[in-house]
file my_file_37.cif (mmCIF, C-alpha atoms)
data_coords
#
loop_
_atom_site.label_atom_id
_atom_site.label_comp_id
_atom_site.auth_asym_id
_atom_site.auth_seq_id
_atom_site.Cartn_x
_atom_site.Cartn_y
_atom_site.Cartn_z
CA MET A 25 70.95 115.30 91.66
CA ARG A 26 72.22 118.90 91.35
CA PHE A 27 70.69 119.70 94.75
CA PHE A 28 72.66 116.93 96.46
CA LEU A 29 75.89 117.91 94.72
CA ASN A 30 75.45 121.42 96.08
CA GLN A 31 75.24 120.18 99.68
CA PRO A 32 78.58 120.50 101.54
CA GLU A 33 78.17 117.11 103.26
CA PHE A 34 77.58 115.36 99.93
CA ARG A 35 80.52 117.10 98.26
CA ILE A 36 82.86 116.05 101.06
CA SER A 37 81.56 112.47 100.99
CA PHE A 38 81.80 112.28 97.20
CA LEU A 39 85.32 113.74 97.24
CA THR A 40 86.40 111.26 99.90
CA ILE A 41 85.14 108.31 97.86
CA PHE A 42 86.72 109.71 94.69
CA LEU A 43 90.12 110.25 96.32
CA ARG A 44 90.04 106.90 98.10
CA SER A 45 89.32 105.15 94.80
CA HIS A 46 92.22 106.85 93.04
CA ILE A 47 94.62 106.38 95.94
CA LEU A 48 93.85 102.66 95.98
CA SER A 49 94.25 102.47 92.20
CA ALA A 50 97.60 104.25 92.45
CA LYS A 51 98.82 101.64 94.93
CA MET A 52 98.05 98.79 92.56
CA MET A 53 100.35 97.28 90.00
CA LEU A 54 100.79 98.84 86.61
CA GLN A 55 98.24 97.51 84.13
CA TYR A 56 98.94 95.67 80.89
CA ARG A 57 95.64 95.05 79.13
CA ASP A 58 96.67 93.67 75.73
CA LEU A 59 96.59 89.95 76.55
CA ALA A 60 92.89 89.54 75.68
CA LYS A 61 93.18 91.25 72.27
CA LEU A 62 93.52 88.00 70.35
CA LYS A 63 91.85 87.51 66.96
CA THR A 64 90.85 84.30 65.22
CA LYS A 65 89.39 83.10 61.92
CA LYS A 66 86.14 81.26 61.39
CA ILE A 67 85.89 77.48 61.93
CA MET A 68 83.01 75.26 60.83
CA PHE A 69 83.45 71.84 62.42
CA GLU A 70 80.42 70.22 60.72
CA ASP A 71 81.68 71.24 57.26
CA VAL A 72 84.89 69.26 57.76
CA PHE A 73 84.26 66.32 60.09
CA ALA A 74 81.86 63.68 58.75
CA ALA A 75 79.36 62.68 61.47
CA ARG A 76 78.09 59.11 61.64
CA ASP A 77 74.84 60.04 63.41
CA SER A 78 72.55 62.99 64.11
CA VAL A 79 73.79 63.37 67.71
CA THR A 80 77.37 63.90 66.50
CA LEU A 81 76.21 66.31 63.79
CA GLU A 82 74.27 68.39 66.31
CA HIS A 83 77.30 68.46 68.61
CA LEU A 84 79.51 69.69 65.76
CA LYS A 85 76.98 72.38 64.84
CA GLU A 86 76.70 73.53 68.45
CA LEU A 87 80.50 73.57 68.71
CA SER A 88 80.68 75.85 65.66
CA SER A 89 77.84 78.01 66.98
CA LYS A 90 79.45 78.57 70.38
CA ARG A 91 82.77 79.36 68.75
CA ARG A 92 81.17 81.76 66.29
CA VAL A 93 79.86 83.85 69.19
CA ILE A 94 83.44 84.11 70.50
CA GLU A 95 84.78 84.88 67.02
CA ASP A 96 82.30 87.71 66.54
CA SER A 97 83.04 89.11 69.97
CA ILE A 98 86.84 89.19 69.85
CA ASN A 99 86.93 90.13 66.15
CA GLN A 100 84.42 92.90 66.90
CA THR A 101 82.04 91.73 64.16
CA SER A 102 79.03 91.07 66.40
CA PHE A 103 75.75 92.87 65.69
CA ILE A 104 74.21 92.00 69.07
CA THR A 105 73.18 95.10 70.99
CA GLU A 106 74.32 95.73 74.57
CA ALA A 107 70.77 95.22 75.85
CA ILE A 108 70.45 91.81 74.16
CA ALA A 109 73.92 90.76 75.34
CA ARG A 110 73.00 91.74 78.89
CA GLU A 111 69.84 89.66 78.70
CA MET A 112 71.70 86.67 77.22
CA TYR A 113 74.34 86.62 79.96
CA GLY A 114 72.45 86.92 83.19
CA GLY A 115 72.04 90.68 83.26
CA SER A 116 75.76 91.39 83.49
CA THR A 117 76.91 94.67 81.94
CA SER A 118 80.57 93.64 82.12
CA ARG A 119 82.06 92.80 78.73
CA CYS A 120 84.64 90.59 80.46
CA GLU A 121 81.98 88.69 82.38
CA GLN A 122 79.98 88.12 79.19
CA GLU A 123 83.13 86.90 77.42
CA ARG A 124 83.92 84.58 80.31
CA LEU A 125 80.47 83.00 80.06
CA ARG A 126 80.85 82.55 76.29
CA LEU A 127 84.15 80.74 76.77
CA GLU A 128 82.75 78.58 79.55
CA GLN A 129 79.99 77.44 77.19
CA TYR A 130 82.47 76.59 74.42
CA LEU A 131 85.32 74.93 76.33
CA PRO A 132 83.40 71.84 77.64
CA LEU A 133 82.16 71.14 74.10
CA LEU A 134 85.67 71.48 72.71
CA GLU A 135 87.11 69.22 75.43
CA ASN A 136 84.55 66.53 74.57
CA PHE A 137 85.26 66.86 70.85
CA ILE A 138 89.03 66.49 71.35
CA TYR A 139 88.48 63.53 73.68
CA HIS A 140 86.53 61.59 71.03
CA VAL A 141 88.93 62.53 68.22
CA ASP A 142 91.77 61.15 70.36
CA PHE A 143 89.68 58.05 71.10
CA VAL A 144 89.32 57.33 67.39
CA GLY A 145 93.07 57.69 67.03
CA ARG A 146 95.19 59.63 64.59
CA ASN A 147 94.99 58.49 60.98
CA SER A 148 95.30 60.12 57.58
CA GLN A 149 91.57 60.97 57.47
CA ILE A 150 91.59 62.63 60.90
CA ASP A 151 94.78 64.52 60.05
CA ARG A 152 93.22 65.71 56.79
CA TRP A 153 90.08 66.94 58.57
CA ILE A 154 92.09 68.81 61.21
CA SER A 155 94.15 70.44 58.46
CA GLN A 156 90.98 71.49 56.64
CA LEU A 157 89.70 73.25 59.78
CA LYS A 158 92.49 75.84 59.32
CA ILE A 159 92.80 76.72 63.02
CA GLN A 160 94.22 80.25 63.00
CA TRP A 161 94.89 82.69 65.81
CA SER A 162 96.71 86.00 65.96
CA SER A 163 99.34 86.89 68.56
CA VAL A 164 99.29 89.79 71.02
CA LEU A 165 102.79 89.09 72.33
CA GLY A 166 104.68 88.48 69.11
CA LEU A 167 106.80 91.44 68.05
CA SER A 168 105.47 91.30 64.48
CA SER A 169 101.87 91.77 65.66
CA PHE A 170 102.58 95.41 66.53
CA PHE A 171 104.20 96.34 63.20
CA ASN A 172 101.88 94.65 60.73
CA LEU A 173 100.06 97.52 59.01
CA THR A 174 97.84 95.19 56.97
CA GLY A 175 96.18 93.70 60.06
CA PRO A 176 96.97 90.94 62.55
CA LYS A 177 99.28 88.14 61.50
CA PHE A 178 97.68 84.73 61.98
CA ALA A 179 99.47 81.52 62.91
CA GLN A 180 98.04 78.17 61.77
CA ILE A 181 98.90 74.93 63.56
CA ASP A 182 97.03 71.81 62.50
CA ASN A 183 96.48 70.47 65.99
CA LEU A 184 93.23 70.57 67.96
CA ARG A 185 95.19 71.33 71.12
CA PHE A 186 96.35 74.54 69.48
CA GLU A 187 92.67 75.55 69.38
CA LEU A 188 92.25 74.46 73.01
CA GLY A 189 95.45 76.23 74.05
CA MET A 190 94.63 79.56 72.43
CA THR A 191 91.06 79.45 73.75
CA LEU A 192 92.38 78.80 77.25
CA PHE A 193 94.89 81.63 76.84
CA LEU A 194 91.99 83.93 75.95
CA TYR A 195 90.02 82.60 78.93
CA GLY A 196 92.90 83.28 81.33
CA ALA A 197 93.37 86.76 79.87
CA ILE A 198 89.65 87.52 80.25
CA LEU A 199 89.74 86.36 83.88
CA ARG A 200 92.68 88.67 84.46
CA GLU A 201 90.72 91.56 82.92
CA ARG A 202 87.74 90.68 85.11
CA ALA A 203 89.97 90.80 88.20
CA LEU A 204 91.04 94.32 87.22
CA GLU A 205 87.38 95.36 86.91
CA PHE A 206 86.80 94.62 90.61
CA LEU A 207 89.45 97.17 91.64
CA PRO A 208 89.24 98.98 93.96
CA ALA A 209 85.67 98.13 95.04
CA ASP A 210 86.15 94.43 95.91
CA LEU A 211 89.78 93.58 96.63
CA LYS A 212 89.05 90.08 97.92
CA GLN A 213 87.18 89.05 94.78
CA SER A 214 89.82 90.64 92.57
CA ALA A 215 92.64 88.70 94.22
CA PHE A 216 90.71 85.43 93.94
CA ILE A 217 90.08 85.90 90.21
CA PHE A 218 93.76 86.74 89.64
CA ARG A 219 94.56 83.40 91.29
CA GLU A 220 92.00 81.68 89.04
CA ALA A 221 93.71 83.22 85.99
CA ALA A 222 97.06 82.00 87.33
CA GLY A 223 95.60 78.49 87.51
CA VAL A 224 94.42 78.61 83.90
CA PHE A 225 97.84 79.69 82.62
CA ASP A 226 99.59 77.10 84.82
CA TYR A 227 97.34 74.35 83.39
CA LEU A 228 98.02 75.68 79.92
CA ALA A 229 101.79 75.60 80.46
CA HIS A 230 101.97 72.09 81.91
CA GLU A 231 99.02 70.15 80.48
CA VAL A 232 97.98 71.58 77.10
CA ILE A 233 100.87 73.32 75.34
CA PRO A 234 103.36 70.42 75.67
CA SER A 235 101.01 68.33 73.50
CA ILE A 236 100.99 70.91 70.66
CA HIS A 237 103.47 69.66 68.10
CA PRO A 238 103.68 71.99 65.09
CA THR A 239 105.65 70.97 62.03
CA PRO A 240 109.29 72.15 61.99
CA SER A 241 108.44 74.81 59.40
CA THR A 242 105.58 76.25 61.49
CA GLU A 243 106.39 79.10 63.85
CA ARG A 244 104.20 78.93 66.92
CA PRO A 245 103.07 82.21 68.51
CA PRO A 246 104.48 83.07 71.96
CA GLU A 247 101.06 82.36 73.49
CA ALA A 248 101.47 78.69 72.52
CA THR A 249 104.78 78.19 74.38
CA PRO A 250 105.09 76.76 77.91
CA SER A 251 107.53 79.44 79.07
CA VAL A 252 105.17 82.33 78.22
CA ALA A 253 102.13 80.65 79.82
CA ALA A 254 104.15 79.86 82.96
CA ALA A 255 105.43 83.45 83.09
CA ILE A 256 101.92 84.91 82.84
CA SER A 257 100.75 82.54 85.59
CA LEU A 258 103.42 84.04 87.85
CA ILE A 259 102.44 87.57 86.80
CA CYS A 260 98.82 86.85 87.79
CA LEU A 261 100.03 85.56 91.17
CA ALA A 262 102.09 88.73 91.62
CA GLU A 263 99.02 90.82 90.82
CA ALA A 264 96.97 88.81 93.34
CA GLN A 265 99.57 89.45 96.04
CA ALA A 266 99.63 93.15 95.15
CA VAL A 267 95.87 93.25 95.75
CA TYR A 268 96.25 91.53 99.13
CA ILE A 269 98.88 94.12 100.06
CA THR A 270 96.47 96.91 99.11
CA LYS A 271 93.86 95.32 101.38
CA ALA A 272 96.39 95.21 104.22
CA GLU A 273 97.33 98.85 103.62
CA GLU A 274 93.65 99.80 103.60
CA ILE A 275 93.00 98.10 106.95
CA GLY A 276 96.13 99.70 108.37
CA ASN A 277 97.07 97.10 111.01
CA THR A 278 100.01 95.50 109.18
CA GLY A 279 103.53 96.44 110.25
CA PHE A 280 106.02 98.17 107.95
CA GLY A 281 108.35 95.17 108.01
CA VAL A 282 105.63 92.76 106.90
CA LEU A 283 104.52 95.08 104.08
CA ALA A 284 108.14 95.40 102.95
CA LYS A 285 108.49 91.60 102.71
CA LEU A 286 105.17 91.27 100.86
CA HIS A 287 106.10 93.90 98.25
CA LEU A 288 109.46 92.19 97.77
CA GLY A 289 107.55 88.92 97.32
CA VAL A 290 105.67 90.53 94.41
CA ALA A 291 108.98 91.59 92.86
CA GLU A 292 110.37 88.07 93.30
CA LEU A 293 107.36 86.53 91.55
CA LEU A 294 107.92 88.93 88.65
CA ASN A 295 111.62 88.05 88.57
CA ASP A 296 110.58 84.39 88.39
CA ALA A 297 108.37 85.30 85.42
CA THR A 298 111.35 86.91 83.69
CA THR A 299 113.40 83.77 84.35
CA CYS A 300 110.63 81.68 82.74
CA LEU A 301 110.66 83.88 79.64
CA ASN A 302 114.44 83.69 79.38
CA SER A 303 114.28 79.90 79.65
CA GLY A 304 112.04 79.85 76.59
CA VAL A 305 114.42 81.68 74.26
CA GLY A 306 114.41 79.68 71.04
CA GLU A 307 110.73 78.70 71.28
CA TYR A 308 109.85 81.91 69.49
CA LYS A 309 111.84 84.50 67.56
CA SER A 310 110.74 87.61 69.41
CA ILE A 311 108.34 88.88 72.00
CA SER A 312 106.77 92.29 72.53
CA SER A 313 109.23 94.74 74.10
CA ARG A 314 106.29 96.52 75.74
CA PHE A 315 105.34 93.31 77.55
CA LEU A 316 108.91 92.88 78.76
CA GLU A 317 109.02 96.51 79.90
CA PHE A 318 105.76 95.98 81.78
CA ILE A 319 107.32 93.15 83.79
CA SER A 320 110.55 95.03 84.52
CA SER A 321 108.66 98.22 85.45
CA CYS A 322 106.35 96.36 87.84
CA THR A 323 109.37 94.67 89.40
CA ALA A 324 111.14 98.00 89.94
CA LEU A 325 107.97 99.59 91.35
CA HIS A 326 107.44 96.91 93.99
CA GLU A 327 111.13 96.80 94.85
CA LEU A 328 110.92 100.54 95.58
CA ARG A 329 107.76 100.15 97.66
CA SER A 330 109.41 97.30 99.54
CA GLN A 331 112.52 99.31 100.36
CA LYS A 332 110.42 102.33 101.38
CA TYR A 333 108.53 100.23 103.92
CA PHE A 334 111.79 98.57 104.99
CA ALA A 335 113.28 102.01 105.65
CA GLU A 336 110.23 103.02 107.69
CA SER A 337 110.59 99.81 109.71
CA LEU A 338 114.29 100.51 110.35
CA LYS A 339 113.57 104.09 111.36
CA THR A 340 110.86 102.89 113.77
CA ASP A 341 113.50 100.64 115.35
CA GLY A 342 115.83 103.61 115.78
CA GLN A 343 118.16 102.82 112.86
CA VAL A 344 117.81 106.18 111.13
CA GLY A 345 121.17 106.07 109.33
CA VAL A 346 120.52 102.62 107.91
CA ALA A 347 117.00 103.70 106.86
CA ILE A 348 118.48 106.65 104.95
CA GLY A 349 120.96 104.36 103.21
CA VAL A 350 118.21 101.90 102.23
CA ILE A 351 115.79 104.46 100.82
CA ARG A 352 118.53 106.47 99.08
CA ASP A 353 119.79 103.33 97.33
CA ALA A 354 116.22 102.36 96.36
CA VAL A 355 115.48 105.79 94.83
CA ASN A 356 118.70 105.74 92.80
CA LYS A 357 117.93 102.27 91.41
CA ALA A 358 114.33 103.19 90.59
CA GLU A 359 115.43 106.29 88.67
CA LYS A 360 117.50 104.09 86.37
CA LYS A 361 114.54 101.80 85.58
CA MET A 362 111.97 104.42 84.56
CA PRO A 363 109.53 102.95 81.98
CA GLY A 364 108.84 104.58 78.63
CA ASP A 365 105.05 104.20 78.70
CA TYR A 366 103.47 107.52 79.76
CA LEU A 367 100.96 106.08 82.24
CA TRP A 368 103.44 103.65 83.77
CA LYS A 369 106.03 106.42 83.96
CA SER A 370 103.65 108.74 85.80
CA VAL A 371 102.89 106.09 88.44
CA CYS A 372 106.57 105.26 88.92
CA ARG A 373 107.51 108.95 89.01
CA ARG A 374 104.92 109.59 91.73
CA GLU A 375 106.24 106.64 93.75
CA ILE A 376 109.82 107.88 93.41
CA GLU A 377 108.81 111.38 94.49
CA ASN A 378 107.06 109.98 97.58
CA ALA A 379 110.16 107.99 98.48
CA ALA A 380 112.37 111.04 97.86
CA ASP A 381 110.17 113.10 100.19
CA SER A 382 110.63 110.48 102.92
CA LEU A 383 114.36 110.50 102.27
CA ARG A 384 114.57 114.28 102.72
CA LYS A 385 112.65 114.07 106.00
CA TYR A 386 114.94 111.31 107.28
CA GLU A 387 118.06 113.24 106.27
CA SER A 388 116.82 116.43 107.91
CA GLU A 389 115.94 114.62 111.13
CA ASN A 390 119.30 112.85 111.16
CA GLU A 391 121.18 116.08 110.55
CA PHE A 392 119.57 117.94 113.44
CA VAL A 393 118.89 115.15 115.94
CA TRP A 394 120.53 111.75 115.48
CA HIS A 395 123.80 112.37 113.57
CA GLU A 396 123.98 108.68 112.61
CA LYS A 397 126.43 107.31 110.05
CA ILE A 398 124.83 106.43 106.72
CA PRO A 399 126.09 103.07 105.37
CA ASN A 400 127.07 102.48 101.73
CA GLY A 401 125.34 100.08 99.35
CA ASP A 402 127.44 97.02 100.30
CA GLU A 403 126.80 97.64 103.98
CA LEU A 404 123.02 97.80 103.71
CA PRO A 405 120.92 94.97 105.21
CA LEU A 406 119.17 92.54 102.89
CA LEU A 407 115.45 91.85 103.10
CA GLN A 408 113.81 88.47 102.54
CA GLY A 409 110.63 88.51 100.47
CA ASN A 410 107.43 86.72 101.43
CA LYS A 411 105.09 85.08 98.90
CA ILE A 412 101.65 84.34 100.37
CA VAL A 413 99.55 83.59 97.26
CA LYS A 414 98.81 80.25 95.67
CA ILE A 415 97.30 79.21 92.37
CA GLU A 416 93.60 78.40 92.26
CA PRO A 417 93.83 75.19 90.19
CA TYR A 418 91.95 75.11 86.90
CA LYS A 419 89.71 72.06 86.55
CA PRO A 420 88.67 71.48 82.94
CA LYS A 421 85.06 70.49 82.31
CA ARG A 422 83.91 68.17 79.56
CA TRP A 423 80.36 67.86 78.28
CA GLU A 424 80.16 64.09 78.05
CA ARG A 425 78.34 63.10 74.88
CA GLU A 426 79.18 60.14 72.64
CA LEU A 427 80.45 61.16 69.20
CA ALA A 428 80.99 59.00 66.13
CA PHE A 429 82.82 59.93 62.91
CA LYS A 430 82.91 58.36 59.45
CA THR A 431 86.59 57.48 59.24
#

call {"tool": "encode", "arguments": {"input": "my_file_37.cif", "output": "structure tokens"}}
result
Amino acid sequence: MRFFLNQPEFRISFLTIFLRSHILSAKMMLQYRDLAKLKTKKIMFEDVFAARDSVTLEHLKELSSKRRVIEDSINQTSFITEAIAREMYGGSTSRCEQERLRLEQYLPLLENFIYHVDFVGRNSQIDRWISQLKIQWSSVLGLSSFFNLTGPKFAQIDNLRFELGMTLFLYGAILRERALEFLPADLKQSAFIFREAAGVFDYLAHEVIPSIHPTPSTERPPEATPSVAAAISLICLAEAQAVYITKAEEIGNTGFGVLAKLHLGVAELLNDATTCLNSGVGEYKSISSRFLEFISSCTALHELRSQKYFAESLKTDGQVGVAIGVIRDAVNKAEKKMPGDYLWKSVCRREIENAADSLRKYESENEFVWHEKIPNGDELPLLQGNKIVKIEPYKPKRWERELAFKT
């Protein structure tokens, strides 16, 4: 290996790949990777629900077994080695892919269990069993989860759809993490998985969470509110569109004007996500300020990229003065929205510096060649965004097996 590294051709090739990878990564959205850091407490279905036959008992035991694997994984209490885990999950070395497969083994069993509990109908015995399960999940978006020095704060809601909802939230978050793993090697696959994650959160917001009815005294975590799930669905769509833009930039045959509209489309999706969160005020007391800053920072970043491309498009059309006004206004606005997070700040700072470099070149060229008037903010043209991504609908699966309970 040392011999090849010493060869000039290899060093140039390796450096090219390395730089290309980091340039592509720099063009992507900022990354928020806390959504999958949920924790939960142990559930034993067969210890609570009384089965009428051996088939039902086996189903309950398998349900507990599949969930226990997820519990151990997300709570980081598993003793399975990496080699065994790789063998168990099709040879995949990706933690996210292994987690996805675990969830896909559990969810159809859970869907079937909930279906038969609903078929029996709610009564005092069923309600008592559900309460005895003690379904508890922590929050990664609640403000209190980041200031609790004694460990994660768990919310308990005695509703089986709370278990389904939080499991689906974890599933969507894992898909989103998996999409990030494909960057920058496989942009097409990454964008598709982002759209899959968007579909999971959309299903969660409209089909599952509305049926969770906690008691008035129970505070539901943000993850179990329709507005948060809908907002994250839009964020996943924005991330998918950002990946498609990166693909277009990589190919290099997309015009500046089109790229400007696509970046603005990303910012509009993120603004829609903020609107969703604001519509849910009252469903929860507080939400992580870091999560909110992530959304606002991503919005500002793509607005800046949009205006930079817009300015390049205007300059190409001979409107140098207008281009200067557009990019100058964009840089000033971006400076005011600088995020606090170090990594996010470095990406935004680099983007602002690139835009400022373009601005200086435009101004210099205008001063010596064109002498065009530079319009003020109110006189600048407005750009219409373009949203090209759609949700990949989530289709729940149910392992159909007859269950009978002693009620």

call {"tool": "residues_near_point", "arguments": {"input": "my_file_37.cif", "point": "(79.2, 60.8, 73.6)", "cutoff": "12 Å", "atoms": "all atoms listed in the file", "output": "list of chain:residue names"}}
result
A:Asp77, A:Ser78, A:Val79, A:Thr80, A:Leu81, A:Glu82, A:His83, A:Leu84, A:Leu133, A:Glu135, A:Asn136, A:Phe137, A:Ile138, A:Tyr139, A:His140, A:Val141, A:Phe143, A:Arg422, A:Trp423, A:Glu424, A:Arg425, A:Glu426, A:Leu427, A:Ala428, A:Phe429

call {"tool": "resolve_selection", "arguments": {"input": "my_file_37.cif", "expression": "the PyMOL selection byres ((chain A and resi 397-409) around 6)", "output": "list in words"}}
result
Lys285, Leu288, Gly289, Gly345, Val346, Gly349, Glu396 and Asn410 of chain A

call {"tool": "residues_around", "arguments": {"input": "my_file_37.cif", "residues": "A:Ser102", "least_positions_apart": "5", "cutoff": "10 Å", "atoms": "only C-alpha atoms", "output": "PyMOL selection string"}}
result
chain A and resi 92-97

call {"tool": "closest_residue", "arguments": {"input": "my_file_37.cif", "among": "A:Glu317, A:Glu106, A:Glu86, A:Asp353", "to": "A:Gln129", "atoms": "all atoms listed in the file"}}
result
A:Glu86

call {"tool": "closest_residue", "arguments": {"input": "my_file_37.cif", "among": "A:Thr270, A:Thr191, A:Gln149, A:Asn99", "to": "A:Ala209", "atoms": "all atoms listed in the file"}}
result
A:Thr270

call {"tool": "closest_residue", "arguments": {"input": "my_file_37.cif", "among": "A:Lys414, A:Arg244, A:His395, A:Lys419", "to": "A:Ala215", "atoms": "only C-alpha atoms"}}
result
A:Lys414

call {"tool": "atom_distance", "arguments": {"input": "my_file_37.cif", "atom1": "atom CA of A:Arg329", "atom2": "atom CA of A:Ile351"}}
result
9.6 Å

call {"tool": "resolve_selection", "arguments": {"input": "my_file_37.cif", "expression": "the PyMOL selection byres ((chain A and resi 328) around 10)", "output": "VMD selection string"}}
result
chain A and resid 284 287 to 288 291 322 to 327 329 to 334 350 to 351 353 to 358 372 375 to 376 379

call {"tool": "write_last_selection", "arguments": {"input": "my_file_37.cif", "atoms": "C-alpha atoms", "output": "mmCIF file, in the frame of the given file"}}
result
data_model
loop_
_atom_site.group_PDB
_atom_site.id
_atom_site.type_symbol
_atom_site.label_atom_id
_atom_site.label_comp_id
_atom_site.auth_asym_id
_atom_site.auth_seq_id
_atom_site.Cartn_x
_atom_site.Cartn_y
_atom_site.Cartn_z
ATOM 1 C CA ALA A 284 108.140 95.400 102.950
ATOM 2 C CA HIS A 287 106.100 93.900 98.250
ATOM 3 C CA LEU A 288 109.460 92.190 97.770
ATOM 4 C CA ALA A 291 108.980 91.590 92.860
ATOM 5 C CA CYS A 322 106.350 96.360 87.840
ATOM 6 C CA THR A 323 109.370 94.670 89.400
ATOM 7 C CA ALA A 324 111.140 98.000 89.940
ATOM 8 C CA LEU A 325 107.970 99.590 91.350
ATOM 9 C CA HIS A 326 107.440 96.910 93.990
ATOM 10 C CA GLU A 327 111.130 96.800 94.850
ATOM 11 C CA ARG A 329 107.760 100.150 97.660
ATOM 12 C CA SER A 330 109.410 97.300 99.540
ATOM 13 C CA GLN A 331 112.520 99.310 100.360
ATOM 14 C CA LYS A 332 110.420 102.330 101.380
ATOM 15 C CA TYR A 333 108.530 100.230 103.920
ATOM 16 C CA PHE A 334 111.790 98.570 104.990
ATOM 17 C CA VAL A 350 118.210 101.900 102.230
ATOM 18 C CA ILE A 351 115.790 104.460 100.820
ATOM 19 C CA ASP A 353 119.790 103.330 97.330
ATOM 20 C CA ALA A 354 116.220 102.360 96.360
ATOM 21 C CA VAL A 355 115.480 105.790 94.830
ATOM 22 C CA ASN A 356 118.700 105.740 92.800
ATOM 23 C CA LYS A 357 117.930 102.270 91.410
ATOM 24 C CA ALA A 358 114.330 103.190 90.590
ATOM 25 C CA CYS A 372 106.570 105.260 88.920
ATOM 26 C CA GLU A 375 106.240 106.640 93.750
ATOM 27 C CA ILE A 376 109.820 107.880 93.410
ATOM 28 C CA ALA A 379 110.160 107.990 98.480
#

call {"tool": "closest_residue", "arguments": {"input": "my_file_37.cif", "among": "A:Val252, A:Leu87, A:Leu62, A:Leu157", "to": "A:Leu301", "atoms": "all atoms listed in the file"}}
result
A:Val252

call {"tool": "closest_residue", "arguments": {"input": "my_file_37.cif", "among": "A:Asn147, A:Ser162, A:Ser89, A:Thr117", "to": "A:Lys63", "atoms": "only C-alpha atoms"}}
result
A:Ser162

call {"tool": "residues_around", "arguments": {"input": "my_file_37.cif", "residues": "A:Phe178", "least_positions_apart": "6", "cutoff": "10 Å", "atoms": "all atoms listed in the file", "output": "list in words"}}
result
Leu62, Lys63, Thr64, Lys65, Ile159, Gln160, Trp161, Ser162, Ser163, Ser169 and Pro245 of chain A

call {"tool": "closest_residue", "arguments": {"input": "my_file_37.cif", "among": "A:Ala264, A:Val144, A:Ile198, A:Leu192", "to": "A:Arg124", "atoms": "all atoms listed in the file"}}
result
A:Ile198

call {"tool": "atom_distance", "arguments": {"input": "my_file_37.cif", "atom1": "atom CA of A:Ala380", "atom2": "atom CA of A:Ile275"}}
result
25.0 Å

call {"tool": "atom_distance", "arguments": {"input": "my_file_37.cif", "atom1": "atom CA of A:Phe73", "atom2": "atom CA of A:Leu184"}}
result
12.7 Å

call {"tool": "resolve_selection", "arguments": {"input": "my_file_37.cif", "expression": "the PyMOL selection byres ((chain A and resi 363) around 8)", "output": "mmCIF file with C-alpha atoms, in the coordinates of the input"}}
result
data_model
loop_
_atom_site.group_PDB
_atom_site.id
_atom_site.type_symbol
_atom_site.label_atom_id
_atom_site.label_comp_id
_atom_site.auth_asym_id
_atom_site.auth_seq_id
_atom_site.Cartn_x
_atom_site.Cartn_y
_atom_site.Cartn_z
ATOM 1 C CA GLU A 317 109.020 96.510 79.900
ATOM 2 C CA PHE A 318 105.760 95.980 81.780
ATOM 3 C CA SER A 321 108.660 98.220 85.450
ATOM 4 C CA LYS A 361 114.540 101.800 85.580
ATOM 5 C CA MET A 362 111.970 104.420 84.560
ATOM 6 C CA GLY A 364 108.840 104.580 78.630
ATOM 7 C CA ASP A 365 105.050 104.200 78.700
ATOM 8 C CA TYR A 366 103.470 107.520 79.760
ATOM 9 C CA TRP A 368 103.440 103.650 83.770
ATOM 10 C CA LYS A 369 106.030 106.420 83.960
ATOM 11 C CA CYS A 372 106.570 105.260 88.920
#

call {"tool": "residues_around", "arguments": {"input": "my_file_37.cif", "residues": "A:Thr249", "least_positions_apart": "4", "cutoff": "12 Å", "atoms": "all atoms listed in the file", "output": "PyMOL selection string"}}
result
chain A and resi 163+165-166+186+189-190+193+225-226+228-238+243-245+253-256+300-301+303-309+311

call {"tool": "axis_aligned_box", "arguments": {"input": "my_file_37.cif", "around": "stretch 309-326 of chain A", "padding_each_side": "6 Å", "output": "AutoDock Vina command-line options"}}
result
--center_x 108.6 --center_y 92.0 --center_z 80.8 --size_x 18.5 --size_y 27.1 --size_z 38.4

call {"tool": "build_atoms", "arguments": {"input": "my_file_37.cif", "residues": "stretch 289-296 of chain A", "atoms": "N, CA and C atoms", "output": "CSV table (one decimal), in the coordinates of the input"}}
result
chain,number,residue,atom,x,y,z
A,289,GLY,N,108.1,90.2,97.8
A,289,GLY,CA,107.6,88.9,97.3
A,289,GLY,C,106.9,89.1,95.9
A,290,VAL,N,106.2,90.2,95.7
A,290,VAL,CA,105.7,90.5,94.4
A,290,VAL,C,106.8,90.7,93.4
A,291,ALA,N,107.8,91.4,93.8
A,291,ALA,CA,109.0,91.6,92.9
A,291,ALA,C,109.7,90.3,92.6
A,292,GLU,N,109.7,89.4,93.5
A,292,GLU,CA,110.4,88.1,93.3
A,292,GLU,C,109.5,87.2,92.4
A,293,LEU,N,108.2,87.3,92.5
A,293,LEU,CA,107.4,86.5,91.6
A,293,LEU,C,107.6,87.0,90.1
A,294,LEU,N,107.7,88.3,90.0
A,294,LEU,CA,107.9,88.9,88.6
A,294,LEU,C,109.3,88.6,88.1
A,295,ASN,N,110.3,88.5,89.0
A,295,ASN,CA,111.6,88.0,88.6
A,295,ASN,C,111.6,86.6,88.1
A,296,ASP,N,110.8,85.8,88.8
A,296,ASP,CA,110.6,84.4,88.4
A,296,ASP,C,109.9,84.3,87.0
